[in-house]
Amino acid sequence: MELLNTSISYSIDGSGNTSSVIAGIRGEVEGRLTITANITIYPADLAEGTTFDDLSKKQLFALAIKKLPALLPSLAYTNYQFFVQNDKPVRLTAYSDLSNDGSYITLSSTLDQSDFTNKAIESVGYEDVKSAVKTIISKEFSTSSTEA
């Protein structure tokens, strides 16, 4: 999955120092997965002796990308809906989100019968959906590329 930087926002404290940065991220696997995220980078995420002002947009985006995979397993699946053809479910779309420690992630996943090898799609439940999306995410993030 190619991840693109959509924004960089700096939070400045009362002394004029950058206290955190929020990096906007967007990625898509056409027809399968769409992710949008705002990942907050804190001073603790920086190498010792480094400040936000020492880093380029590209470096800040790389730090956000590094944090993203650790947050994905915490996604809460808020909704999933089936798409029916000839009275039979043929695919479903799962919507998930996370709001945690200043980071916000929204993920939309489209799944079909091939994502559920041990169960008919019409009988899948929450845990089945969560597991199928986790499989897709792990494949995509093991081979993801970035572009700033």
# chains A, B, ... in the order shown; residues from 1 in each chain; ligands from 1
>>> residues_around(residues="range 7-13 of chain A", least_positions_apart="5", cutoff="12 Å", atoms="only C-alpha atoms", output="PyMOL selection string")
chain A and resi 18-26+36-43+52-53+55-64+102+148
>>> atom_distance(atom1="CA of Thr93 in chain A", atom2="CA of Leu33 in chain A")
9.4 Å
>>> select_by_dssp(residues="range 2-148 of chain A", states="helix (DSSP H, G or I)", output="VMD selection string")
chain A and resid 43 to 45 52 to 54 57 to 74 113 to 115 121 to 123 126 to 142
>>> select_by_dssp(residues="range 70-108 of chain A", states="strand (DSSP E or B)", output="MDAnalysis selection string")
chainID A and resid 76:85 88:100 103:108
>>> closest_atom_pairs(of="range 1-96 of chain A", to="range 116-119 of chain A", cutoff="12 Å", atoms="only C-alpha atoms", output="CSV")
residue,atom,partner,partner_atom,distance
A:Val90,CA,A:Phe116,CA,11.7
A:Arg91,CA,A:Phe116,CA,10.6
A:Leu92,CA,A:Phe116,CA,11.3
>>> write_last_selection(atoms="C-alpha atoms", output="compact mmCIF listing (two decimals), in the first residue's frame")
# COMPACT_ATOMS: atom_id res chain seq x y z
CA VAL A 90 -21.61 -11.43 -1.89
CA ARG A 91 -19.39 -8.99 0.03
CA LEU A 92 -19.33 -6.79 3.07
>>> atom_distance(atom1="CA of Val133 in chain A", atom2="CA of Phe83 in chain A")
17.0 Å
>>> closest_residue(among="A:Ala44, A:Lys88, A:Ala120, A:Pro73", to="Thr135 in chain A", atoms="only C-alpha atoms")
A:Pro73
